[in-house]
Each structure stands twice: as C-alpha cells, then as structure tokens.
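Trainee: You'll find coords.pdb just under this line, and it carries PDB, C-alpha atoms.
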ATOM      1  CA  MET J 206      36.564  57.419  37.587  1.00  0.00           C
ATOM      2  CA  ALA J 207      36.745  55.966  41.078  1.00  0.00           C
ATOM      3  CA  SER J 208      38.989  53.013  40.283  1.00  0.00           C
ATOM      4  CA  GLY J 209      40.186  50.896  37.396  1.00  0.00           C
ATOM      5  CA  ARG J 210      40.967  51.946  33.851  1.00  0.00           C
ATOM      6  CA  VAL J 211      38.026  51.682  31.449  1.00  0.00           C
ATOM      7  CA  LEU J 212      39.006  50.542  27.981  1.00  0.00           C
ATOM      8  CA  ARG J 213      35.530  50.465  26.505  1.00  0.00           C
ATOM      9  CA  HIS J 214      32.164  51.599  27.828  1.00  0.00           C
ATOM     10  CA  VAL J 215      29.493  52.248  25.241  1.00  0.00           C
ATOM     11  CA  GLY J 216      25.748  52.635  25.120  1.00  0.00           C
ATOM     12  CA  LYS J 217      25.415  49.909  22.518  1.00  0.00           C
ATOM     13  CA  SER J 218      27.102  46.565  22.105  1.00  0.00           C
ATOM     14  CA  ALA J 219      29.713  45.878  19.453  1.00  0.00           C
ATOM     15  CA  ARG J 220      26.865  44.729  17.174  1.00  0.00           C
ATOM     16  CA  GLY J 221      24.697  47.791  17.729  1.00  0.00           C
ATOM     17  CA  ARG J 222      22.186  46.285  20.153  1.00  0.00           C
ATOM     18  CA  PRO J 223      20.838  48.733  22.756  1.00  0.00           C
ATOM     19  CA  VAL J 224      22.002  48.287  26.316  1.00  0.00           C
ATOM     20  CA  LEU J 225      19.486  46.322  28.384  1.00  0.00           C
ATOM     21  CA  PRO J 226      18.119  47.759  31.615  1.00  0.00           C
ATOM     22  CA  PRO J 227      20.324  46.683  34.538  1.00  0.00           C
ATOM     23  CA  TYR J 228      17.632  45.426  36.890  1.00  0.00           C
ATOM     24  CA  GLY J 229      14.061  44.228  36.930  1.00  0.00           C
ATOM     25  CA  CYS J 230      14.056  42.224  33.701  1.00  0.00           C
ATOM     26  CA  SER J 231      17.760  41.425  33.505  1.00  0.00           C
ATOM     27  CA  MET J 232      20.737  40.902  35.770  1.00  0.00           C
ATOM     28  CA  ASN J 233      24.464  41.490  35.765  1.00  0.00           C
ATOM     29  CA  ILE J 234      25.763  38.029  36.650  1.00  0.00           C
ATOM     30  CA  CYS J 235      29.344  37.722  37.837  1.00  0.00           C
ATOM     31  CA  VAL J 236      30.928  34.382  36.978  1.00  0.00           C
ATOM     32  CA  PHE J 237      34.100  33.250  38.741  1.00  0.00           C
ATOM     33  CA  LEU J 238      35.821  30.512  36.737  1.00  0.00           C
ATOM     34  CA  SER J 239      39.034  29.127  35.338  1.00  0.00           C
ATOM     35  CA  ALA J 240      41.064  30.554  32.473  1.00  0.00           C
ATOM     36  CA  ALA J 241      42.500  27.080  31.770  1.00  0.00           C
ATOM     37  CA  ASP J 242      41.703  24.931  28.744  1.00  0.00           C
ATOM     38  CA  LEU J 243      39.502  22.128  30.041  1.00  0.00           C
ATOM     39  CA  ASP J 244      37.839  19.034  28.613  1.00  0.00           C
ATOM     40  CA  ASP J 245      34.233  18.663  27.527  1.00  0.00           C
ATOM     41  CA  ARG J 246      32.835  17.551  30.882  1.00  0.00           C
ATOM     42  CA  TYR J 247      33.539  21.101  32.106  1.00  0.00           C
ATOM     43  CA  THR J 248      33.205  23.161  28.923  1.00  0.00           C
ATOM     44  CA  ARG J 249      29.831  21.736  27.865  1.00  0.00           C
ATOM     45  CA  PRO J 250      27.912  22.785  31.016  1.00  0.00           C
ATOM     46  CA  ALA J 251      29.715  26.136  31.038  1.00  0.00           C
ATOM     47  CA  ARG J 252      28.659  26.778  27.451  1.00  0.00           C
ATOM     48  CA  GLU J 253      25.102  25.726  28.281  1.00  0.00           C
ATOM     49  CA  PHE J 254      24.918  28.175  31.185  1.00  0.00           C
ATOM     50  CA  ALA J 255      26.373  30.936  28.990  1.00  0.00           C
ATOM     51  CA  LYS J 256      23.690  30.432  26.360  1.00  0.00           C
ATOM     52  CA  LEU J 257      20.948  30.490  28.991  1.00  0.00           C
ATOM     53  CA  LEU J 258      22.402  33.699  30.397  1.00  0.00           C
ATOM     54  CA  GLY J 259      22.555  35.371  27.003  1.00  0.00           C
ATOM     55  CA  LYS J 260      19.098  34.243  25.885  1.00  0.00           C
ATOM     56  CA  GLY J 261      17.703  35.530  29.175  1.00  0.00           C
ATOM     57  CA  GLY J 262      18.917  39.029  28.319  1.00  0.00           C
ATOM     58  CA  HIS J 263      21.437  39.062  31.144  1.00  0.00           C
ATOM     59  CA  THR J 264      24.947  40.525  31.235  1.00  0.00           C
ATOM     60  CA  LEU J 265      28.057  38.472  31.935  1.00  0.00           C
ATOM     61  CA  VAL J 266      30.488  40.109  34.350  1.00  0.00           C
ATOM     62  CA  TRP J 267      33.719  38.114  34.323  1.00  0.00           C
ATOM     63  CA  GLY J 268      37.493  38.291  34.570  1.00  0.00           C
ATOM     64  CA  GLY J 269      37.792  39.591  31.034  1.00  0.00           C
ATOM     65  CA  SER J 270      40.290  37.069  29.664  1.00  0.00           C
ATOM     66  CA  ASP J 271      39.793  35.567  26.214  1.00  0.00           C
ATOM     67  CA  VAL J 272      41.353  32.203  27.044  1.00  0.00           C
ATOM     68  CA  GLY J 273      40.256  28.859  28.414  1.00  0.00           C
ATOM     69  CA  LEU J 274      36.912  28.446  30.115  1.00  0.00           C
ATOM     70  CA  MET J 275      36.590  32.233  30.373  1.00  0.00           C
ATOM     71  CA  LYS J 276      36.544  32.401  26.566  1.00  0.00           C
ATOM     72  CA  VAL J 277      34.043  29.535  26.311  1.00  0.00           C
ATOM     73  CA  VAL J 278      31.567  31.355  28.541  1.00  0.00           C
ATOM     74  CA  ALA J 279      32.100  34.763  26.928  1.00  0.00           C
ATOM     75  CA  ASP J 280      31.612  33.241  23.457  1.00  0.00           C
ATOM     76  CA  GLY J 281      28.400  31.538  24.536  1.00  0.00           C
ATOM     77  CA  VAL J 282      26.922  34.667  26.096  1.00  0.00           C
ATOM     78  CA  GLN J 283      27.802  36.875  23.140  1.00  0.00           C
ATOM     79  CA  GLU J 284      26.493  34.388  20.590  1.00  0.00           C
ATOM     80  CA  ALA J 285      23.184  34.202  22.486  1.00  0.00           C
ATOM     81  CA  GLY J 286      22.752  37.986  22.524  1.00  0.00           C
ATOM     82  CA  GLY J 287      23.975  38.834  26.032  1.00  0.00           C
ATOM     83  CA  ARG J 288      26.260  41.683  27.043  1.00  0.00           C
ATOM     84  CA  LEU J 289      29.860  41.318  28.194  1.00  0.00           C
ATOM     85  CA  VAL J 290      31.452  43.349  30.996  1.00  0.00           C
ATOM     86  CA  GLY J 291      35.035  42.350  31.727  1.00  0.00           C
ATOM     87  CA  VAL J 292      37.309  43.261  34.616  1.00  0.00           C
ATOM     88  CA  SER J 293      40.871  42.275  33.840  1.00  0.00           C
ATOM     89  CA  VAL J 294      44.044  43.159  35.712  1.00  0.00           C
ATOM     90  CA  GLU J 295      47.181  44.921  34.504  1.00  0.00           C
ATOM     91  CA  PHE J 296      49.428  41.842  34.350  1.00  0.00           C
ATOM     92  CA  LEU J 297      46.779  39.982  32.289  1.00  0.00           C
ATOM     93  CA  ALA J 298      45.733  42.906  30.071  1.00  0.00           C
ATOM     94  CA  ALA J 299      47.301  41.291  26.979  1.00  0.00           C
ATOM     95  CA  LYS J 300      44.762  38.453  27.308  1.00  0.00           C
ATOM     96  CA  ALA J 301      41.750  40.767  27.646  1.00  0.00           C
ATOM     97  CA  ARG J 302      38.910  40.071  25.207  1.00  0.00           C
ATOM     98  CA  GLN J 303      38.214  42.517  22.412  1.00  0.00           C
ATOM     99  CA  GLY J 304      34.771  43.548  21.141  1.00  0.00           C
ATOM    100  CA  VAL J 305      33.057  43.682  24.526  1.00  0.00           C
ATOM    101  CA  ASP J 306      30.539  46.165  25.881  1.00  0.00           C
ATOM    102  CA  GLU J 307      32.816  47.280  28.697  1.00  0.00           C
ATOM    103  CA  MET J 308      36.320  46.386  29.825  1.00  0.00           C
ATOM    104  CA  VAL J 309      38.029  47.681  32.959  1.00  0.00           C
ATOM    105  CA  ILE J 310      41.683  47.066  33.783  1.00  0.00           C
ATOM    106  CA  ALA J 311      42.202  46.882  37.544  1.00  0.00           C
ATOM    107  CA  ARG J 312      45.501  47.670  39.247  1.00  0.00           C
ATOM    108  CA  ASP J 313      45.711  44.361  41.110  1.00  0.00           C
ATOM    109  CA  LEU J 314      43.718  41.261  42.021  1.00  0.00           C
ATOM    110  CA  ALA J 315      42.173  42.851  45.102  1.00  0.00           C
ATOM    111  CA  GLU J 316      40.757  45.732  43.076  1.00  0.00           C
ATOM    112  CA  ARG J 317      39.620  43.305  40.399  1.00  0.00           C
ATOM    113  CA  LYS J 318      37.529  41.317  42.902  1.00  0.00           C
ATOM    114  CA  LYS J 319      36.064  44.521  44.308  1.00  0.00           C
ATOM    115  CA  LEU J 320      35.027  45.769  40.866  1.00  0.00           C
ATOM    116  CA  LEU J 321      33.596  42.412  39.802  1.00  0.00           C
ATOM    117  CA  LEU J 322      31.308  42.383  42.819  1.00  0.00           C
ATOM    118  CA  GLU J 323      30.377  46.059  42.502  1.00  0.00           C
ATOM    119  CA  LYS J 324      29.268  45.550  38.898  1.00  0.00           C
ATOM    120  CA  SER J 325      27.141  42.455  39.569  1.00  0.00           C
ATOM    121  CA  ASP J 326      23.711  41.608  40.965  1.00  0.00           C
ATOM    122  CA  ALA J 327      24.472  37.923  41.512  1.00  0.00           C
ATOM    123  CA  VAL J 328      27.404  35.506  41.500  1.00  0.00           C
ATOM    124  CA  VAL J 329      28.007  32.088  39.958  1.00  0.00           C
ATOM    125  CA  ILE J 330      31.061  30.039  40.879  1.00  0.00           C
ATOM    126  CA  MET J 331      32.132  27.595  38.169  1.00  0.00           C
ATOM    127  CA  VAL J 332      35.040  25.179  38.156  1.00  0.00           C
ATOM    128  CA  GLY J 333      38.425  26.769  38.746  1.00  0.00           C
ATOM    129  CA  GLY J 334      41.680  26.750  40.645  1.00  0.00           C
ATOM    130  CA  THR J 335      43.050  28.746  43.555  1.00  0.00           C
ATOM    131  CA  GLY J 336      42.065  32.091  42.052  1.00  0.00           C
ATOM    132  CA  THR J 337      38.451  30.999  41.671  1.00  0.00           C
ATOM    133  CA  LEU J 338      38.451  29.601  45.198  1.00  0.00           C
ATOM    134  CA  ASP J 339      39.821  32.896  46.540  1.00  0.00           C
ATOM    135  CA  GLU J 340      37.073  34.839  44.773  1.00  0.00           C
ATOM    136  CA  ALA J 341      34.414  32.406  45.988  1.00  0.00           C
ATOM    137  CA  THR J 342      35.425  32.516  49.638  1.00  0.00           C
ATOM    138  CA  GLU J 343      35.592  36.313  49.601  1.00  0.00           C
ATOM    139  CA  ILE J 344      31.969  36.736  48.485  1.00  0.00           C
ATOM    140  CA  LEU J 345      30.864  34.109  51.020  1.00  0.00           C
ATOM    141  CA  GLU J 346      32.745  35.933  53.783  1.00  0.00           C
ATOM    142  CA  LEU J 347      31.009  39.173  52.825  1.00  0.00           C
ATOM    143  CA  LYS J 348      27.644  37.407  52.944  1.00  0.00           C
ATOM    144  CA  LYS J 349      28.479  35.790  56.269  1.00  0.00           C
ATOM    145  CA  HIS J 350      28.996  39.206  57.842  1.00  0.00           C
ATOM    146  CA  GLY J 351      25.964  40.775  56.164  1.00  0.00           C
ATOM    147  CA  HIS J 352      27.939  43.059  53.846  1.00  0.00           C
ATOM    148  CA  THR J 353      26.095  41.826  50.765  1.00  0.00           C
ATOM    149  CA  ASP J 354      22.843  40.033  50.032  1.00  0.00           C
ATOM    150  CA  LYS J 355      23.670  39.049  46.455  1.00  0.00           C
ATOM    151  CA  PRO J 356      22.615  35.478  45.635  1.00  0.00           C
ATOM    152  CA  VAL J 357      25.535  33.096  45.138  1.00  0.00           C
ATOM    153  CA  VAL J 358      25.367  29.822  43.229  1.00  0.00           C
ATOM    154  CA  LEU J 359      28.075  27.198  43.160  1.00  0.00           C
ATOM    155  CA  LEU J 360      27.703  25.237  39.921  1.00  0.00           C
ATOM    156  CA  ASN J 361      28.988  21.821  40.938  1.00  0.00           C
ATOM    157  CA  THR J 362      29.806  20.490  37.484  1.00  0.00           C
ATOM    158  CA  ALA J 363      30.725  16.790  37.397  1.00  0.00           C
ATOM    159  CA  GLY J 364      30.914  16.808  41.192  1.00  0.00           C
ATOM    160  CA  PHE J 365      33.958  19.083  41.069  1.00  0.00           C
ATOM    161  CA  TYR J 366      33.054  20.790  44.339  1.00  0.00           C
ATOM    162  CA  ASP J 367      31.811  17.745  46.259  1.00  0.00           C
ATOM    163  CA  GLY J 368      34.748  17.969  48.655  1.00  0.00           C
ATOM    164  CA  LEU J 369      34.249  21.694  49.218  1.00  0.00           C
ATOM    165  CA  LYS J 370      30.548  21.158  49.823  1.00  0.00           C
ATOM    166  CA  GLU J 371      31.352  18.524  52.435  1.00  0.00           C
ATOM    167  CA  GLN J 372      33.831  20.878  54.108  1.00  0.00           C
ATOM    168  CA  PHE J 373      31.282  23.705  54.216  1.00  0.00           C
ATOM    169  CA  ARG J 374      28.742  21.368  55.788  1.00  0.00           C
ATOM    170  CA  ARG J 375      31.260  20.347  58.421  1.00  0.00           C
ATOM    171  CA  MET J 376      31.916  24.026  59.159  1.00  0.00           C
ATOM    172  CA  GLU J 377      28.185  24.514  59.623  1.00  0.00           C
ATOM    173  CA  ASP J 378      27.689  21.392  61.736  1.00  0.00           C
ATOM    174  CA  GLU J 379      30.592  22.228  64.059  1.00  0.00           C
ATOM    175  CA  GLY J 380      29.633  25.852  64.608  1.00  0.00           C
ATOM    176  CA  PHE J 381      32.110  27.683  62.401  1.00  0.00           C
ATOM    177  CA  LEU J 382      29.407  29.495  60.430  1.00  0.00           C
ATOM    178  CA  PRO J 383      27.242  32.126  62.162  1.00  0.00           C
ATOM    179  CA  ARG J 384      24.596  31.741  59.462  1.00  0.00           C
ATOM    180  CA  PRO J 385      23.070  28.652  57.844  1.00  0.00           C
ATOM    181  CA  LEU J 386      25.010  27.442  54.830  1.00  0.00           C
ATOM    182  CA  ALA J 387      21.834  27.699  52.736  1.00  0.00           C
ATOM    183  CA  ASP J 388      21.810  31.456  53.405  1.00  0.00           C
ATOM    184  CA  LEU J 389      25.301  31.807  51.948  1.00  0.00           C
ATOM    185  CA  VAL J 390      25.341  29.658  48.818  1.00  0.00           C
ATOM    186  CA  PHE J 391      23.079  27.496  46.665  1.00  0.00           C
ATOM    187  CA  PHE J 392      24.612  24.343  45.164  1.00  0.00           C
ATOM    188  CA  ALA J 393      23.358  23.603  41.656  1.00  0.00           C
ATOM    189  CA  ALA J 394      24.149  20.443  39.725  1.00  0.00           C
ATOM    190  CA  GLU J 395      23.004  21.768  36.341  1.00  0.00           C
ATOM    191  CA  PRO J 396      23.146  25.148  34.541  1.00  0.00           C
ATOM    192  CA  VAL J 397      19.365  25.487  34.229  1.00  0.00           C
ATOM    193  CA  GLY J 398      18.956  25.141  37.990  1.00  0.00           C
ATOM    194  CA  ALA J 399      21.672  27.697  38.633  1.00  0.00           C
ATOM    195  CA  LEU J 400      20.065  30.384  36.496  1.00  0.00           C
ATOM    196  CA  ALA J 401      16.566  29.587  37.736  1.00  0.00           C
ATOM    197  CA  TYR J 402      17.700  30.113  41.333  1.00  0.00           C
ATOM    198  CA  LEU J 403      19.259  33.474  40.505  1.00  0.00           C
ATOM    199  CA  GLU J 404      16.228  34.704  38.587  1.00  0.00           C
ATOM    200  CA  GLU J 405      13.896  33.639  41.373  1.00  0.00           C
ATOM    201  CA  SER J 406      16.135  35.235  44.014  1.00  0.00           C
ATOM    202  CA  ARG J 407      16.117  38.550  42.170  1.00  0.00           C
ATOM    203  CA  GLY J 408      12.484  38.431  41.077  1.00  0.00           C
ATOM    204  CA  VAL J 409      13.380  38.463  37.406  1.00  0.00           C
ATOM    205  CA  ALA J 410      10.522  37.535  35.120  1.00  0.00           C
TER     206      ALA J 410
END
For this file, produce the structure as structure tokens.

Mentor:
Amino acid sequence: MASGRVLRHVGKSARGRPVLPPYGCSMNICVFLSAADLDDRYTRPAREFAKLLGKGGHTLVWGGSDVGLMKVVADGVQEAGGRLVGVSVEFLAAKARQGVDEMVIARDLAERKKLLLEKSDAVVIMVGGTGTLDEATEILELKKHGHTDKPVVLLNTAGFYDGLKEQFRRMEDEGFLPRPLADLVFFAAEPVGALAYLEESRGVA
C-alpha cells in the first residue's frame, strides 16, 4: 500500500451490490464540505445532490466522517444506491463512518487531501469552513498550474460563496490568475446543474 491505512476495501458494497465500473458510465466524485450540523437551507440542497449522485450510479469520495453535513451527504448517496469511499485522518478516525465500500485513514491532513484527489474523477465544493476552503484552493491551484484537469464545481448554496466568487473575479480581472476563471471552476446555484456539468465534462451518459 503506497499510503494511508485501508480499513475496508471490498468488491461489493455492504448490501451486496457489485462495484460499478470507475469510468465511462460512472464517476468517483470528491465532495469537500463541512462536518458541522447545519440548518435546512444547507442540508436540503446537499441531500438533493447526494441523491442525484447515487441515482446516477456514481461514487462519493469524501472525508469519511459520519457527522454533520458529511453524514447528510453520505446517507443520501447510500440510500440512493451509490458507493461510498471515505478518506479520514488519524485524529478523526473515531468519527469515521461504518458500513462503507472503502475507508482509508490518512496520517495527516496533507495526505488526506492527496488521497481524496487521487481517488476522484471530479470535485464538488459544498458549504464549509476553513478546512473546506483549504481543500478548495488546493485543487484550484493544481488546476491553475496544469497539474490536473479534473472538473471542479463550486455549489453556491444560498449564496454562501458569493463573496468568494467576487474575490476570484477580482483576481482574474487584475491579472492574478494565469488562466481564465471559467477554466478553473464552474459555479452552480443548484445541485442538478452541478451534476450535469460534471457528467458533461467527463462525457458520462
């Protein structure tokens, strides 16, 4: 094993469903999001996106915790028939979700981010705090320098990222970005638009 400690990695899900092919008709979608307990204006769209992901036959790749918004999304994906691949970290291992298709425990946050991106075909950024922002800016920095071409969607639920969007546009307008902002990230207002962009970007039927 190159890195991380695998707790569970099986050929079938916890309910006996066969593993879906990783590319072509399905995607591994990494979701960066909060582990906090949030109100309905944030949980409802997150749950909606999770159900769309699961019904589409896709796999959720996420931080592995079974709390807060992370739990909401994992529940929604699993209930809709999708697979769960978690990447937790040693100091949060006690909060790791049980009954998943794969769980890896990383040594630290840096390794966790690396593994999350390695295991995914695309990235969605949902509402979150400083940890989510750190993860989001890292994938955008990699895209900026051409180290990845994975599509990235920022799901701007309830206008949560309006300020960040404005800041990114200022960076672009004033010459801080070597590539157009549209090449780095797609801003979606609703879950259906977020998933549609990813599927179109990856040519998923």

Trainee: Suppose a student applies the PyMOL selection byres ((chain J and resi 250) around 10) to this structure; what residues should they get, written as a ChimeraX atom specification?

Mentor: /J:245-249,251-256,278,331,360,362-363,394-397

Trainee: Which residues are close to J:Lys318, i.e. within 9 Å by only C-alpha atoms, leaving aside same-chain residues fewer than 4 positions away? Reply as a list in words.

Mentor: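 Here the answer would be Gly268, Val292, Asp313, Leu314, Leu322, Glu323, Glu340 and Glu343 of chain J.
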
Trainee: Can you turn the PyMOL selection byres ((chain J and resi 280) around 10) into a concrete residue list for this file, as a ChimeraX atom specification?

Mentor: /J:252,255-256,259,271,274-279,281-285,287,289

Trainee: What is the atom CA of J:Ala299-atom CA of J:Leu321 distance in Å, reported with one decimal?

Mentor: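 Taking atom CA of J:Ala299 and atom CA of J:Leu321, their separation equals 18.8 Å.
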
Trainee: Nearest to J:Arg374 among J:Val358, J:Phe392, J:Arg302, J:Phe237, with distances taken over only C-alpha atoms: which residue is it?

Mentor: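 Among the listed residues, the smallest separation from J:Arg374 belongs to J:Phe392.
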
Trainee: Using all atoms listed in the file, pick whichever of J:Gly286, J:Gly368, J:Gly269, J:Gly398 has the shortest atom-to-atom distance to J:Ala298.

Mentor: J:Gly269

Trainee: For this file, the PyMOL selection byres ((chain J and resi 263) around 10) selects which residues, as a PyMOL selection string?

Mentor: chain J and resi 225-228+230-234+255+257-262+264-266+282+286-289

Trainee: Save out the residues we just selected, C-alpha atoms, as a PDB file, in the frame of the given file.

Mentor:
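Heads up, here's the output in part_39.pdb:
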ATOM      1  CA  LEU J 225      19.486  46.322  28.384  1.00  0.00           C
ATOM      2  CA  PRO J 226      18.119  47.759  31.615  1.00  0.00           C
ATOM      3  CA  PRO J 227      20.324  46.683  34.538  1.00  0.00           C
ATOM      4  CA  TYR J 228      17.632  45.426  36.890  1.00  0.00           C
ATOM      5  CA  CYS J 230      14.056  42.224  33.701  1.00  0.00           C
ATOM      6  CA  SER J 231      17.760  41.425  33.505  1.00  0.00           C
ATOM      7  CA  MET J 232      20.737  40.902  35.770  1.00  0.00           C
ATOM      8  CA  ASN J 233      24.464  41.490  35.765  1.00  0.00           C
ATOM      9  CA  ILE J 234      25.763  38.029  36.650  1.00  0.00           C
ATOM     10  CA  ALA J 255      26.373  30.936  28.990  1.00  0.00           C
ATOM     11  CA  LEU J 257      20.948  30.490  28.991  1.00  0.00           C
ATOM     12  CA  LEU J 258      22.402  33.699  30.397  1.00  0.00           C
ATOM     13  CA  GLY J 259      22.555  35.371  27.003  1.00  0.00           C
ATOM     14  CA  LYS J 260      19.098  34.243  25.885  1.00  0.00           C
ATOM     15  CA  GLY J 261      17.703  35.530  29.175  1.00  0.00           C
ATOM     16  CA  GLY J 262      18.917  39.029  28.319  1.00  0.00           C
ATOM     17  CA  THR J 264      24.947  40.525  31.235  1.00  0.00           C
ATOM     18  CA  LEU J 265      28.057  38.472  31.935  1.00  0.00           C
ATOM     19  CA  VAL J 266      30.488  40.109  34.350  1.00  0.00           C
ATOM     20  CA  VAL J 282      26.922  34.667  26.096  1.00  0.00           C
ATOM     21  CA  GLY J 286      22.752  37.986  22.524  1.00  0.00           C
ATOM     22  CA  GLY J 287      23.975  38.834  26.032  1.00  0.00           C
ATOM     23  CA  ARG J 288      26.260  41.683  27.043  1.00  0.00           C
ATOM     24  CA  LEU J 289      29.860  41.318  28.194  1.00  0.00           C
TER      25      LEU J 289
END

Trainee: Kindly indicate which residue among J:Gly333, J:Gly408, J:Ala327, J:Ala401 lies nearest to J:Asn361, using all atoms listed in the file for the distances.

Mentor: J:Gly333

Trainee: What are the centre and the three edge lengths of an axis-aligned box that wraps all atoms of stretch 250-254 of chain J in the file, given that 5 Å is added to every side, written as JSON and rounded to one decimal in Å?

Mentor:
{"center_x": 27.3, "center_y": 25.5, "center_z": 29.3, "size_x": 14.8, "size_y": 15.4, "size_z": 13.7}

Trainee: Once you count all atoms listed in the file, which residues end up no further than 12 Å from (33.6, 36.8, 52.2) in the file's frame, shown as a list in words?

Mentor: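 Protein and nucleic acid residues near the point are Lys318, Lys319, Leu322, Leu338, Asp339, Glu340, Ala341, Thr342, Glu343, Ile344, Leu345, Glu346, Leu347, Lys348, Lys349, His350, Gly351, His352, Thr353, Asp354, Lys355, Val357, Leu382, Leu389 and Val390 of chain J.
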
Trainee: Between J:Val272, J:Leu400, J:Val305, J:Val294, single out the one closest to J:Asp242, counting all atoms listed in the file.

Mentor: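 Of the candidates, the smallest distance to J:Asp242 is held by J:Val272.
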
Trainee: Given the choices J:Val309, J:Val236, J:Ala301, J:Val290, which gets closest to J:Ala399 if the distance is worked out from only C-alpha atoms?

Mentor: J:Val236

Trainee: Can you tell me how far atom CA of J:Thr335 sits from atom CA of J:Gly304, in Å to one decimal?

Mentor: 28.1 Å

Trainee: Atom CA of J:Arg317 and atom CA of J:Gly291 are how many Å apart?

Mentor: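 Result for atom CA of J:Arg317 versus atom CA of J:Gly291: 9.9 Å, one decimal.
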
Trainee: J:Leu243, J:Cys235, J:Ile310, J:Ala315: which is nearest J:Gly334, counting all atoms listed in the file?

Mentor: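 Counting all atoms listed in the file, the residue closest to J:Gly334 is J:Leu243.
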
Trainee: Around the point (48.4, 31.7, 33.4) in the file's coordinates, collect all residues with an atom within 9 Å, using only C-alpha atoms, and return them as a VMD selection string.

Mentor: chain J and resid 240 to 241 297
